[in-house]
file work.cif (mmCIF, C-alpha atoms)
data_upload
#
loop_
_atom_site.group_PDB
_atom_site.id
_atom_site.type_symbol
_atom_site.label_atom_id
_atom_site.label_comp_id
_atom_site.auth_asym_id
_atom_site.auth_seq_id
_atom_site.Cartn_x
_atom_site.Cartn_y
_atom_site.Cartn_z
ATOM 1 C CA MET A 1 92.652 93.932 63.937
ATOM 2 C CA ALA A 2 95.075 91.058 64.460
ATOM 3 C CA GLY A 3 94.544 87.775 66.293
ATOM 4 C CA ILE A 4 92.519 84.702 65.341
ATOM 5 C CA SER A 5 88.809 84.331 64.670
ATOM 6 C CA THR A 6 86.637 81.648 63.131
ATOM 7 C CA HIS A 7 83.180 81.091 61.701
ATOM 8 C CA VAL A 8 81.519 77.695 61.436
ATOM 9 C CA LEU A 9 78.945 77.172 58.718
ATOM 10 C CA ASP A 10 76.769 74.180 58.009
ATOM 11 C CA THR A 11 76.856 74.142 54.231
ATOM 12 C CA ASP A 12 74.486 71.193 54.157
ATOM 13 C CA ARG A 13 71.719 73.342 55.620
ATOM 14 C CA GLY A 14 73.011 76.723 54.529
ATOM 15 C CA ARG A 15 73.159 78.215 57.976
ATOM 16 C CA PRO A 16 75.577 78.971 60.803
ATOM 17 C CA ALA A 17 76.513 75.999 62.941
ATOM 18 C CA ALA A 18 75.657 76.928 66.534
ATOM 19 C CA GLY A 19 76.779 75.140 69.668
ATOM 20 C CA ILE A 20 79.947 73.600 68.240
ATOM 21 C CA ARG A 21 82.789 73.211 70.697
ATOM 22 C CA ILE A 22 86.152 74.367 69.434
ATOM 23 C CA ASP A 23 89.371 73.512 71.224
ATOM 24 C CA PHE A 24 92.103 76.041 70.574
ATOM 25 C CA SER A 25 95.683 74.883 71.083
ATOM 26 C CA VAL A 26 99.171 76.204 70.540
ATOM 27 C CA LEU A 27 102.216 74.131 69.627
ATOM 28 C CA ASP A 28 104.500 74.180 72.625
ATOM 29 C CA GLY A 29 107.720 72.415 71.714
ATOM 30 C CA GLU A 30 106.377 69.197 70.226
ATOM 31 C CA THR A 31 103.043 69.020 72.009
ATOM 32 C CA TRP A 32 99.779 70.798 71.444
ATOM 33 C CA ARG A 33 98.837 72.704 74.574
ATOM 34 C CA LEU A 34 95.141 73.467 75.013
ATOM 35 C CA VAL A 35 94.632 77.192 75.481
ATOM 36 C CA LYS A 36 90.863 77.242 75.753
ATOM 37 C CA SER A 37 87.619 75.686 74.627
ATOM 38 C CA VAL A 38 84.866 77.858 73.209
ATOM 39 C CA VAL A 39 81.408 77.212 71.781
ATOM 40 C CA THR A 40 79.959 78.813 68.678
ATOM 41 C CA ASN A 41 77.026 81.149 69.146
ATOM 42 C CA ALA A 42 73.842 81.407 67.080
ATOM 43 C CA ASP A 43 75.826 83.127 64.327
ATOM 44 C CA GLY A 44 78.386 80.302 64.189
ATOM 45 C CA ARG A 45 81.035 82.622 65.612
ATOM 46 C CA THR A 46 82.590 82.915 69.044
ATOM 47 C CA ASP A 47 81.542 85.736 71.370
ATOM 48 C CA GLN A 48 85.185 86.632 71.961
ATOM 49 C CA PRO A 49 88.074 86.350 69.504
ATOM 50 C CA ILE A 50 89.808 82.974 69.620
ATOM 51 C CA LEU A 51 93.063 84.858 70.147
ATOM 52 C CA ALA A 52 93.114 88.546 71.049
ATOM 53 C CA PRO A 53 95.308 90.897 68.987
ATOM 54 C CA ASN A 54 97.706 91.600 71.843
ATOM 55 C CA GLU A 55 98.276 87.870 72.421
ATOM 56 C CA ALA A 56 99.217 87.039 68.824
ATOM 57 C CA LYS A 57 102.700 85.627 68.353
ATOM 58 C CA VAL A 58 104.472 83.843 65.549
ATOM 59 C CA GLY A 59 103.780 80.156 66.023
ATOM 60 C CA GLN A 60 101.698 77.122 65.172
ATOM 61 C CA TYR A 61 98.072 76.986 66.204
ATOM 62 C CA GLN A 62 95.291 74.424 66.080
ATOM 63 C CA LEU A 63 91.518 74.614 66.002
ATOM 64 C CA ALA A 64 89.692 71.349 66.706
ATOM 65 C CA PHE A 65 86.055 71.413 65.654
ATOM 66 C CA HIS A 66 83.758 68.984 67.441
ATOM 67 C CA VAL A 67 81.278 68.655 64.631
ATOM 68 C CA ASP A 68 80.493 64.984 65.239
ATOM 69 C CA ASP A 69 78.086 65.714 68.079
ATOM 70 C CA TYR A 70 76.536 68.539 66.102
ATOM 71 C CA PHE A 71 75.716 66.306 63.156
ATOM 72 C CA ARG A 72 74.633 63.421 65.334
ATOM 73 C CA ASP A 73 72.209 65.618 67.239
ATOM 74 C CA ARG A 74 70.936 67.345 64.133
ATOM 75 C CA ALA A 75 67.563 66.075 63.007
ATOM 76 C CA GLY A 76 67.514 64.163 59.773
ATOM 77 C CA THR A 77 71.180 63.128 59.610
ATOM 78 C CA ALA A 78 71.996 59.437 59.410
ATOM 79 C CA GLU A 79 75.059 58.687 61.498
ATOM 80 C CA THR A 80 76.374 56.505 58.687
ATOM 81 C CA ASP A 81 76.614 59.598 56.485
ATOM 82 C CA ILE A 82 79.070 61.364 58.790
ATOM 83 C CA PHE A 83 82.449 61.079 57.083
ATOM 84 C CA ILE A 84 84.421 64.029 58.453
ATOM 85 C CA ASP A 85 85.713 63.134 61.877
ATOM 86 C CA SER A 86 86.714 65.605 64.607
ATOM 87 C CA PRO A 87 88.478 67.779 62.029
ATOM 88 C CA VAL A 88 91.420 69.874 63.141
ATOM 89 C CA VAL A 89 92.952 72.821 61.339
ATOM 90 C CA ARG A 90 96.627 73.583 61.929
ATOM 91 C CA PHE A 91 98.038 76.854 60.717
ATOM 92 C CA ALA A 92 100.767 79.349 61.461
ATOM 93 C CA ILE A 93 100.718 82.975 62.476
ATOM 94 C CA PHE A 94 103.663 84.252 60.455
ATOM 95 C CA ASP A 95 103.035 87.954 61.055
ATOM 96 C CA PRO A 96 101.366 88.883 64.364
ATOM 97 C CA ALA A 97 100.269 92.231 62.952
ATOM 98 C CA GLN A 98 97.897 90.486 60.535
ATOM 99 C CA HIS A 99 94.497 89.018 61.290
ATOM 100 C CA TYR A 100 93.863 85.295 60.816
ATOM 101 C CA HIS A 101 90.260 84.487 60.122
ATOM 102 C CA VAL A 102 89.951 80.730 59.733
ATOM 103 C CA PRO A 103 86.404 79.758 58.778
ATOM 104 C CA MET A 104 85.245 76.187 58.656
ATOM 105 C CA LEU A 105 82.552 75.049 56.243
ATOM 106 C CA CYS A 106 81.189 71.617 56.928
ATOM 107 C CA ALA A 107 78.627 69.038 55.966
ATOM 108 C CA PRO A 108 78.491 65.412 57.099
ATOM 109 C CA GLY A 109 80.541 64.401 54.068
ATOM 110 C CA SER A 110 82.752 67.418 53.450
ATOM 111 C CA PHE A 111 85.060 69.916 55.068
ATOM 112 C CA THR A 112 86.587 73.170 53.861
ATOM 113 C CA THR A 113 88.791 75.754 55.491
ATOM 114 C CA TYR A 114 90.786 78.713 54.214
ATOM 115 C CA ARG A 115 92.331 81.946 55.302
ATOM 116 C CA GLY A 116 89.410 84.358 55.242
ATOM 117 C CA SER A 117 89.151 87.980 56.243
ATOM 118 C CA MET B 1 65.454 87.588 25.788
ATOM 119 C CA GLU B 2 62.862 85.551 23.949
ATOM 120 C CA THR B 3 65.542 83.646 22.055
ATOM 121 C CA SER B 4 67.444 82.672 25.170
ATOM 122 C CA ALA B 5 64.294 81.597 26.959
ATOM 123 C CA LEU B 6 63.366 79.355 24.057
ATOM 124 C CA THR B 7 66.845 77.888 23.973
ATOM 125 C CA ARG B 8 66.727 77.041 27.621
ATOM 126 C CA ARG B 9 63.300 75.525 27.303
ATOM 127 C CA SER B 10 64.335 73.372 24.368
ATOM 128 C CA PHE B 11 67.372 72.139 26.267
ATOM 129 C CA THR B 12 65.077 71.074 29.074
ATOM 130 C CA GLY B 13 62.795 69.407 26.592
ATOM 131 C CA LEU B 14 65.616 67.318 25.206
ATOM 132 C CA GLY B 15 66.761 66.138 28.583
ATOM 133 C CA LEU B 16 65.137 65.048 31.795
ATOM 134 C CA GLY B 17 62.389 67.589 31.586
ATOM 135 C CA ALA B 18 60.586 65.892 28.739
ATOM 136 C CA ALA B 19 60.151 62.594 30.510
ATOM 137 C CA VAL B 20 59.103 64.260 33.735
ATOM 138 C CA ALA B 21 56.689 66.617 32.062
ATOM 139 C CA THR B 22 55.060 63.758 30.174
ATOM 140 C CA ALA B 23 54.772 61.622 33.274
ATOM 141 C CA SER B 24 53.270 64.057 35.686
ATOM 142 C CA GLY B 25 53.169 67.417 34.022
ATOM 143 C CA GLY B 26 55.018 70.620 34.582
ATOM 144 C CA VAL B 27 57.825 72.095 36.561
ATOM 145 C CA LEU B 28 56.692 70.853 39.954
ATOM 146 C CA ALA B 29 57.511 67.313 38.980
ATOM 147 C CA GLN B 30 61.195 68.192 38.916
ATOM 148 C CA ALA B 31 61.174 68.405 42.689
ATOM 149 C CA GLY B 32 60.373 64.708 42.870
ATOM 150 C CA PRO B 33 62.766 61.748 42.602
ATOM 151 C CA THR B 34 65.345 62.027 39.843
ATOM 152 C CA PRO B 35 64.255 60.093 36.777
ATOM 153 C CA SER B 36 66.564 57.202 36.036
ATOM 154 C CA THR B 37 67.060 57.857 32.349
ATOM 155 C CA ALA B 38 69.993 60.140 31.623
ATOM 156 C CA SER B 39 71.444 60.217 35.136
ATOM 157 C CA ASP B 40 72.190 56.492 35.209
ATOM 158 C CA ARG B 41 74.370 56.659 32.148
ATOM 159 C CA PRO B 42 78.017 57.603 32.713
ATOM 160 C CA ALA B 43 79.182 60.833 31.208
ATOM 161 C CA PRO B 44 81.488 60.576 28.190
ATOM 162 C CA LEU B 45 84.943 59.531 29.343
ATOM 163 C CA THR B 46 87.750 62.039 29.552
ATOM 164 C CA SER B 47 91.339 61.378 30.554
ATOM 165 C CA ALA B 48 90.953 62.726 34.065
ATOM 166 C CA PRO B 49 88.431 60.765 36.157
ATOM 167 C CA VAL B 50 89.143 57.188 37.111
ATOM 168 C CA SER B 51 86.035 55.126 37.563
ATOM 169 C CA GLN B 52 85.948 53.008 40.702
ATOM 170 C CA ALA B 53 82.824 51.209 39.572
ATOM 171 C CA GLY B 54 82.896 47.448 40.071
ATOM 172 C CA LEU B 55 86.019 47.455 42.253
ATOM 173 C CA GLY B 56 86.164 45.964 45.730
ATOM 174 C CA PRO B 57 86.307 47.883 49.008
ATOM 175 C CA ARG B 58 89.181 50.343 49.008
ATOM 176 C CA LEU B 59 90.292 53.734 50.172
ATOM 177 C CA THR B 60 91.640 55.926 47.395
ATOM 178 C CA LEU B 61 93.088 59.424 47.393
ATOM 179 C CA HIS B 62 93.159 62.116 44.757
ATOM 180 C CA ALA B 63 95.070 65.296 45.557
ATOM 181 C CA ILE B 64 94.460 68.367 43.443
ATOM 182 C CA ASP B 65 96.617 71.474 43.589
ATOM 183 C CA ASN B 66 94.106 74.292 43.143
ATOM 184 C CA PHE B 67 96.894 76.852 43.172
ATOM 185 C CA HIS B 68 98.490 75.595 39.948
ATOM 186 C CA GLY B 69 95.365 73.955 38.601
ATOM 187 C CA THR B 70 97.031 70.562 38.302
ATOM 188 C CA PRO B 71 97.043 67.195 40.035
ATOM 189 C CA ALA B 72 99.356 67.359 43.044
ATOM 190 C CA ALA B 73 102.299 65.191 42.003
ATOM 191 C CA GLY B 74 104.982 64.185 44.450
ATOM 192 C CA MET B 75 103.216 65.060 47.676
ATOM 193 C CA VAL B 76 104.072 62.955 50.704
ATOM 194 C CA CYS B 77 101.092 61.744 52.750
ATOM 195 C CA ASP B 78 101.186 59.818 56.024
ATOM 196 C CA LEU B 79 98.226 57.568 56.733
ATOM 197 C CA ALA B 80 97.560 56.684 60.354
ATOM 198 C CA TRP B 81 95.011 54.941 62.443
ATOM 199 C CA ARG B 82 93.650 57.397 65.019
ATOM 200 C CA GLU B 83 92.350 56.842 68.519
ATOM 201 C CA GLY B 84 91.675 60.242 70.050
ATOM 202 C CA ASP B 85 94.911 62.155 69.603
ATOM 203 C CA SER B 86 96.958 58.978 69.456
ATOM 204 C CA LEU B 87 98.131 58.002 65.983
ATOM 205 C CA THR B 88 99.412 54.627 64.812
ATOM 206 C CA PRO B 89 101.231 54.969 61.475
ATOM 207 C CA ILE B 90 99.968 52.700 58.713
ATOM 208 C CA LYS B 91 101.986 53.830 55.716
ATOM 209 C CA THR B 92 103.516 56.784 53.929
ATOM 210 C CA VAL B 93 102.776 57.277 50.256
ATOM 211 C CA THR B 94 103.725 59.800 47.592
ATOM 212 C CA THR B 95 101.258 60.944 44.970
ATOM 213 C CA GLY B 96 102.073 60.274 41.319
ATOM 214 C CA LEU B 97 101.757 62.527 38.289
ATOM 215 C CA ASN B 98 97.992 62.132 38.298
ATOM 216 C CA GLY B 99 97.728 63.219 41.945
ATOM 217 C CA ARG B 100 97.053 59.671 43.090
ATOM 218 C CA PRO B 101 99.324 57.234 44.868
ATOM 219 C CA ALA B 102 100.275 54.263 42.684
ATOM 220 C CA GLU B 103 98.169 51.957 44.842
ATOM 221 C CA PRO B 104 94.989 52.530 46.853
ATOM 222 C CA LEU B 105 95.735 53.629 50.407
ATOM 223 C CA LEU B 106 93.935 50.549 51.727
ATOM 224 C CA THR B 107 92.157 47.617 50.156
ATOM 225 C CA ASP B 108 89.975 44.742 51.253
ATOM 226 C CA ALA B 109 90.907 43.377 54.697
ATOM 227 C CA ALA B 110 93.281 46.277 55.404
ATOM 228 C CA LEU B 111 90.311 48.621 55.180
ATOM 229 C CA ARG B 112 88.820 48.492 58.649
ATOM 230 C CA PRO B 113 86.093 50.574 60.234
ATOM 231 C CA GLY B 114 87.513 53.292 62.426
ATOM 232 C CA HIS B 115 89.076 56.708 62.640
ATOM 233 C CA TYR B 116 91.840 57.703 60.260
ATOM 234 C CA GLU B 117 94.164 60.635 59.748
ATOM 235 C CA LEU B 118 95.959 61.420 56.528
ATOM 236 C CA LEU B 119 98.697 64.001 56.997
ATOM 237 C CA LEU B 120 99.457 65.924 53.808
ATOM 238 C CA HIS B 121 102.888 67.536 53.506
ATOM 239 C CA VAL B 122 101.489 70.617 51.806
ATOM 240 C CA GLY B 123 104.246 73.015 52.864
ATOM 241 C CA ALA B 124 106.993 70.781 51.481
ATOM 242 C CA TYR B 125 104.984 70.233 48.315
ATOM 243 C CA PHE B 126 104.702 73.945 47.534
ATOM 244 C CA ALA B 127 108.290 74.616 48.584
ATOM 245 C CA ALA B 128 109.441 71.942 46.121
ATOM 246 C CA ARG B 129 107.459 73.677 43.402
ATOM 247 C CA GLY B 130 109.191 76.953 44.146
ATOM 248 C CA VAL B 131 106.118 78.747 45.469
ATOM 249 C CA SER B 132 107.048 81.782 47.515
ATOM 250 C CA LEU B 133 105.473 81.437 50.952
ATOM 251 C CA PRO B 134 105.740 83.295 54.242
ATOM 252 C CA SER B 135 107.801 81.743 56.986
ATOM 253 C CA PRO B 136 106.370 79.873 58.757
ATOM 254 C CA ASN B 137 103.867 79.244 55.979
ATOM 255 C CA PHE B 138 100.167 79.338 56.809
ATOM 256 C CA LEU B 139 99.600 75.652 56.052
ATOM 257 C CA ASP B 140 102.395 73.164 56.498
ATOM 258 C CA ARG B 141 101.295 69.647 57.380
ATOM 259 C CA VAL B 142 97.574 69.331 56.928
ATOM 260 C CA PRO B 143 95.677 66.663 58.874
ATOM 261 C CA ILE B 144 92.673 65.159 57.123
ATOM 262 C CA ARG B 145 90.517 63.284 59.591
ATOM 263 C CA PHE B 146 87.772 60.989 58.428
ATOM 264 C CA ARG B 147 85.876 57.971 59.567
ATOM 265 C CA ILE B 148 85.205 54.708 57.817
ATOM 266 C CA ARG B 149 82.044 53.121 59.120
ATOM 267 C CA ASP B 150 81.339 50.415 56.568
ATOM 268 C CA ALA B 151 84.530 48.723 55.409
ATOM 269 C CA GLY B 152 82.547 46.927 52.722
ATOM 270 C CA GLN B 153 82.176 50.150 50.757
ATOM 271 C CA ARG B 154 84.565 51.971 48.487
ATOM 272 C CA HIS B 155 85.807 55.245 49.956
ATOM 273 C CA HIS B 156 87.299 57.890 47.708
ATOM 274 C CA LEU B 157 88.966 60.883 49.317
ATOM 275 C CA PRO B 158 89.511 63.877 47.055
ATOM 276 C CA VAL B 159 91.542 66.694 48.589
ATOM 277 C CA LEU B 160 91.711 70.126 46.979
ATOM 278 C CA PHE B 161 94.250 72.552 48.362
ATOM 279 C CA THR B 162 96.215 75.757 47.951
ATOM 280 C CA PRO B 163 98.784 77.331 50.306
ATOM 281 C CA TRP B 164 95.820 79.123 51.939
ATOM 282 C CA GLY B 165 93.100 76.549 52.310
ATOM 283 C CA TYR B 166 91.869 73.060 51.597
ATOM 284 C CA SER B 167 88.784 71.018 51.138
ATOM 285 C CA TYR B 168 88.047 67.319 51.325
ATOM 286 C CA TYR B 169 84.960 65.227 51.008
ATOM 287 C CA ARG B 170 83.733 61.732 50.528
ATOM 288 C CA GLY B 171 83.894 61.247 46.785
ATOM 289 C CA SER B 172 83.034 58.282 44.630
#
call {"tool": "encode", "arguments": {"input": "work.cif", "output": "structure tokens"}}
result
Amino acid sequence: MAGISTHVLDTDRGRPAAGIRIDFSVLDGETWRLVKSVVTNADGRTDQPILAPNEAKVGQYQLAFHVDDYFRDRAGTAETDIFIDSPVVRFAIFDPAQHYHVPMLCAPGSFTTYRGS
Amino acid sequence: METSALTRRSFTGLGLGAAVATASGGVLAQAGPTPSTASDRPAPLTSAPVSQAGLGPRLTLHAIDNFHGTPAAGMVCDLAWREGDSLTPIKTVTTGLNGRPAEPLLTDAALRPGHYELLLHVGAYFAARGVSLPSPNFLDRVPIRFRIRDAGQRHHLPVLFTPWGYSYYRGS
């Protein structure tokens, strides 16, 4: 399967991060054009793929993870401990036939992303 | 089996475990506050880490190339002040041989509370090192967004990256 998918994990608590808004954008000329906003489900994934296989094209894409609200609303987190700040991941689809799984692992003080599978 | 168990136990006995066990007995005590004996002493120095202890407020960067297993030397990084999606450039730096810019990114009064973005030129870095990448490569210019809340504190920003992923965190 091609296209784009993600998975948000709260590595501070060791569980999926549910209810996180993700803004998905594509680079259109020199500006990022918002394609859609989705919210992670109880499994930390999105109910539908971020980008369906038949929509995948070579280009630059962006996922913006609104983790600030998630951490702020999470019990037991001091706001002063939140260091990562509206993180965005920018990556390219270089071969539309391949799948791009882009997970995001976060804690108030750390952020990790990578090309998964 | 028995030998390894004894070895492990004697290691524990030499370290924190002994003090804890004496104070309040047994394994359960290890769940409590960390004793301040061994953990307060710095580890033996090696050539790699740079201690920030005793220095004034500053923002420092350390970029590590996890693909080659080396500090990331010669990577261009743009530091900007961020308000929403609007960026105001502060400075552009290049990392040195040790993966750190020659100077802290910000010090003292220049370190203000707020939202920052550091843009790492990861694609150019790997291209300069002759790494074969797809075109366009998966990661090109990587934005690192973080927030400084208390400008009176030191902030260390380690960034670990490969052509296929990256990680950053508030270090020390």
call {"tool": "resolve_selection", "arguments": {"input": "work.cif", "expression": "the PyMOL selection byres ((chain A) within 6 of (chain B))", "output": "JSON, numbers by chain"}}
result
{"A": [83, 84, 85, 87, 91, 92, 94, 109, 110, 111, 112, 113, 114, 115]}
call {"tool": "residues_near_point", "arguments": {"input": "work.cif", "point": "(89.0, 39.2, 56.1)", "cutoff": "12 Å", "atoms": "only C-alpha atoms", "output": "mmCIF file with C-alpha atoms, in the frame of the given file"}}
result
data_model
loop_
_atom_site.group_PDB
_atom_site.id
_atom_site.type_symbol
_atom_site.label_atom_id
_atom_site.label_comp_id
_atom_site.auth_asym_id
_atom_site.auth_seq_id
_atom_site.Cartn_x
_atom_site.Cartn_y
_atom_site.Cartn_z
ATOM 1 C CA PRO B 57 86.307 47.883 49.008
ATOM 2 C CA THR B 107 92.157 47.617 50.156
ATOM 3 C CA ASP B 108 89.975 44.742 51.253
ATOM 4 C CA ALA B 109 90.907 43.377 54.697
ATOM 5 C CA ALA B 110 93.281 46.277 55.404
ATOM 6 C CA LEU B 111 90.311 48.621 55.180
ATOM 7 C CA ARG B 112 88.820 48.492 58.649
ATOM 8 C CA ALA B 151 84.530 48.723 55.409
ATOM 9 C CA GLY B 152 82.547 46.927 52.722
#
call {"tool": "resolve_selection", "arguments": {"input": "work.cif", "expression": "the PyMOL selection byres ((chain A and resi 68-71) around 8)", "output": "JSON list (two decimals) with C-alpha atoms, in the coordinates of the input"}}
result
[["chain", "number", "residue", "atom", "x", "y", "z"],
["A", 19, "GLY", "CA", 76.78, 75.14, 69.67],
["A", 20, "ILE", "CA", 79.95, 73.60, 68.24],
["A", 66, "HIS", "CA", 83.76, 68.98, 67.44],
["A", 67, "VAL", "CA", 81.28, 68.66, 64.63],
["A", 72, "ARG", "CA", 74.63, 63.42, 65.33],
["A", 73, "ASP", "CA", 72.21, 65.62, 67.24],
["A", 74, "ARG", "CA", 70.94, 67.34, 64.13],
["A", 77, "THR", "CA", 71.18, 63.13, 59.61],
["A", 79, "GLU", "CA", 75.06, 58.69, 61.50],
["A", 82, "ILE", "CA", 79.07, 61.36, 58.79],
["A", 84, "ILE", "CA", 84.42, 64.03, 58.45],
["A", 85, "ASP", "CA", 85.71, 63.13, 61.88],
["A", 86, "SER", "CA", 86.71, 65.60, 64.61],
["A", 108, "PRO", "CA", 78.49, 65.41, 57.10]]
call {"tool": "atom_distance", "arguments": {"input": "work.cif", "atom1": "CA of Asp12 in chain A", "atom2": "CA of Gly76 in chain A"}}
result
11.4 Å
call {"tool": "residues_near_point", "arguments": {"input": "work.cif", "point": "(95.8, 76.6, 77.3)", "cutoff": "12 Å", "atoms": "only C-alpha atoms", "output": "PyMOL selection string"}}
result
chain A and resi 23-28+31-38+50-51+61-62
call {"tool": "resolve_selection", "arguments": {"input": "work.cif", "expression": "the PyMOL selection byres ((chain B and resi 87-96) around 6)", "output": "JSON, numbers by chain"}}
result
{"B": [73, 74, 75, 76, 77, 78, 79, 80, 81, 82, 86, 97, 98, 99, 100, 101]}
call {"tool": "atom_distance", "arguments": {"input": "work.cif", "atom1": "CA of Thr60 in chain B", "atom2": "CA of Ala102 in chain B"}}
result
10.0 Å
call {"tool": "atom_distance", "arguments": {"input": "work.cif", "atom1": "CA of Val88 in chain A", "atom2": "CA of Arg21 in chain A"}}
result
11.9 Å
call {"tool": "residues_around", "arguments": {"input": "work.cif", "residues": "Ala97 in chain A", "least_positions_apart": "4", "cutoff": "9 Å", "atoms": "all atoms listed in the file", "output": "PyMOL selection string"}}
result
chain A and resi 1-3+53+56-57
call {"tool": "build_atoms", "arguments": {"input": "work.cif", "residues": "range 98-114 of chain B", "atoms": "N, CA and C atoms", "output": "PDB file, in the frame of the given file"}}
result
ATOM      1  N   ASN B  98      99.426  61.879  38.400  1.00  0.00           N
ATOM      2  CA  ASN B  98      97.992  62.132  38.298  1.00  0.00           C
ATOM      3  C   ASN B  98      97.381  62.540  39.650  1.00  0.00           C
ATOM      4  N   GLY B  99      98.235  62.794  40.641  1.00  0.00           N
ATOM      5  CA  GLY B  99      97.728  63.219  41.945  1.00  0.00           C
ATOM      6  C   GLY B  99      97.231  62.077  42.809  1.00  0.00           C
ATOM      7  N   ARG B 100      97.479  60.851  42.340  1.00  0.00           N
ATOM      8  CA  ARG B 100      97.053  59.671  43.090  1.00  0.00           C
ATOM      9  C   ARG B 100      98.271  58.832  43.434  1.00  0.00           C
ATOM     10  N   PRO B 101      98.268  58.204  44.604  1.00  0.00           N
ATOM     11  CA  PRO B 101      99.324  57.234  44.868  1.00  0.00           C
ATOM     12  C   PRO B 101      99.199  56.069  43.886  1.00  0.00           C
ATOM     13  N   ALA B 102     100.292  55.352  43.661  1.00  0.00           N
ATOM     14  CA  ALA B 102     100.275  54.263  42.684  1.00  0.00           C
ATOM     15  C   ALA B 102      99.267  53.185  43.063  1.00  0.00           C
ATOM     16  N   GLU B 103      99.100  52.974  44.358  1.00  0.00           N
ATOM     17  CA  GLU B 103      98.169  51.957  44.842  1.00  0.00           C
ATOM     18  C   GLU B 103      97.117  52.632  45.713  1.00  0.00           C
ATOM     19  N   PRO B 104      95.943  51.994  45.879  1.00  0.00           N
ATOM     20  CA  PRO B 104      94.989  52.530  46.853  1.00  0.00           C
ATOM     21  C   PRO B 104      95.644  52.609  48.233  1.00  0.00           C
ATOM     22  N   LEU B 105      95.166  53.520  49.058  1.00  0.00           N
ATOM     23  CA  LEU B 105      95.735  53.629  50.407  1.00  0.00           C
ATOM     24  C   LEU B 105      95.490  52.343  51.185  1.00  0.00           C
ATOM     25  N   LEU B 106      94.294  51.800  51.047  1.00  0.00           N
ATOM     26  CA  LEU B 106      93.935  50.549  51.727  1.00  0.00           C
ATOM     27  C   LEU B 106      92.993  49.763  50.825  1.00  0.00           C
ATOM     28  N   THR B 107      93.109  48.447  50.889  1.00  0.00           N
ATOM     29  CA  THR B 107      92.157  47.617  50.156  1.00  0.00           C
ATOM     30  C   THR B 107      91.696  46.459  51.028  1.00  0.00           C
ATOM     31  N   ASP B 108      90.536  45.966  50.693  1.00  0.00           N
ATOM     32  CA  ASP B 108      89.975  44.742  51.253  1.00  0.00           C
ATOM     33  C   ASP B 108      90.140  44.648  52.776  1.00  0.00           C
ATOM     34  N   ALA B 109      90.850  43.616  53.255  1.00  0.00           N
ATOM     35  CA  ALA B 109      90.907  43.377  54.697  1.00  0.00           C
ATOM     36  C   ALA B 109      91.644  44.490  55.445  1.00  0.00           C
ATOM     37  N   ALA B 110      92.542  45.190  54.740  1.00  0.00           N
ATOM     38  CA  ALA B 110      93.281  46.277  55.404  1.00  0.00           C
ATOM     39  C   ALA B 110      92.384  47.481  55.669  1.00  0.00           C
ATOM     40  N   LEU B 111      91.255  47.523  54.991  1.00  0.00           N
ATOM     41  CA  LEU B 111      90.311  48.621  55.180  1.00  0.00           C
ATOM     42  C   LEU B 111      89.374  48.245  56.325  1.00  0.00           C
ATOM     43  N   ARG B 112      89.610  48.839  57.462  1.00  0.00           N
ATOM     44  CA  ARG B 112      88.820  48.492  58.649  1.00  0.00           C
ATOM     45  C   ARG B 112      87.997  49.691  59.091  1.00  0.00           C
ATOM     46  N   PRO B 113      86.862  49.445  59.712  1.00  0.00           N
ATOM     47  CA  PRO B 113      86.093  50.574  60.234  1.00  0.00           C
ATOM     48  C   PRO B 113      86.903  51.276  61.324  1.00  0.00           C
ATOM     49  N   GLY B 114      86.797  52.562  61.384  1.00  0.00           N
ATOM     50  CA  GLY B 114      87.513  53.292  62.426  1.00  0.00           C
ATOM     51  C   GLY B 114      87.839  54.705  62.022  1.00  0.00           C
TER      52      GLY B 114
END
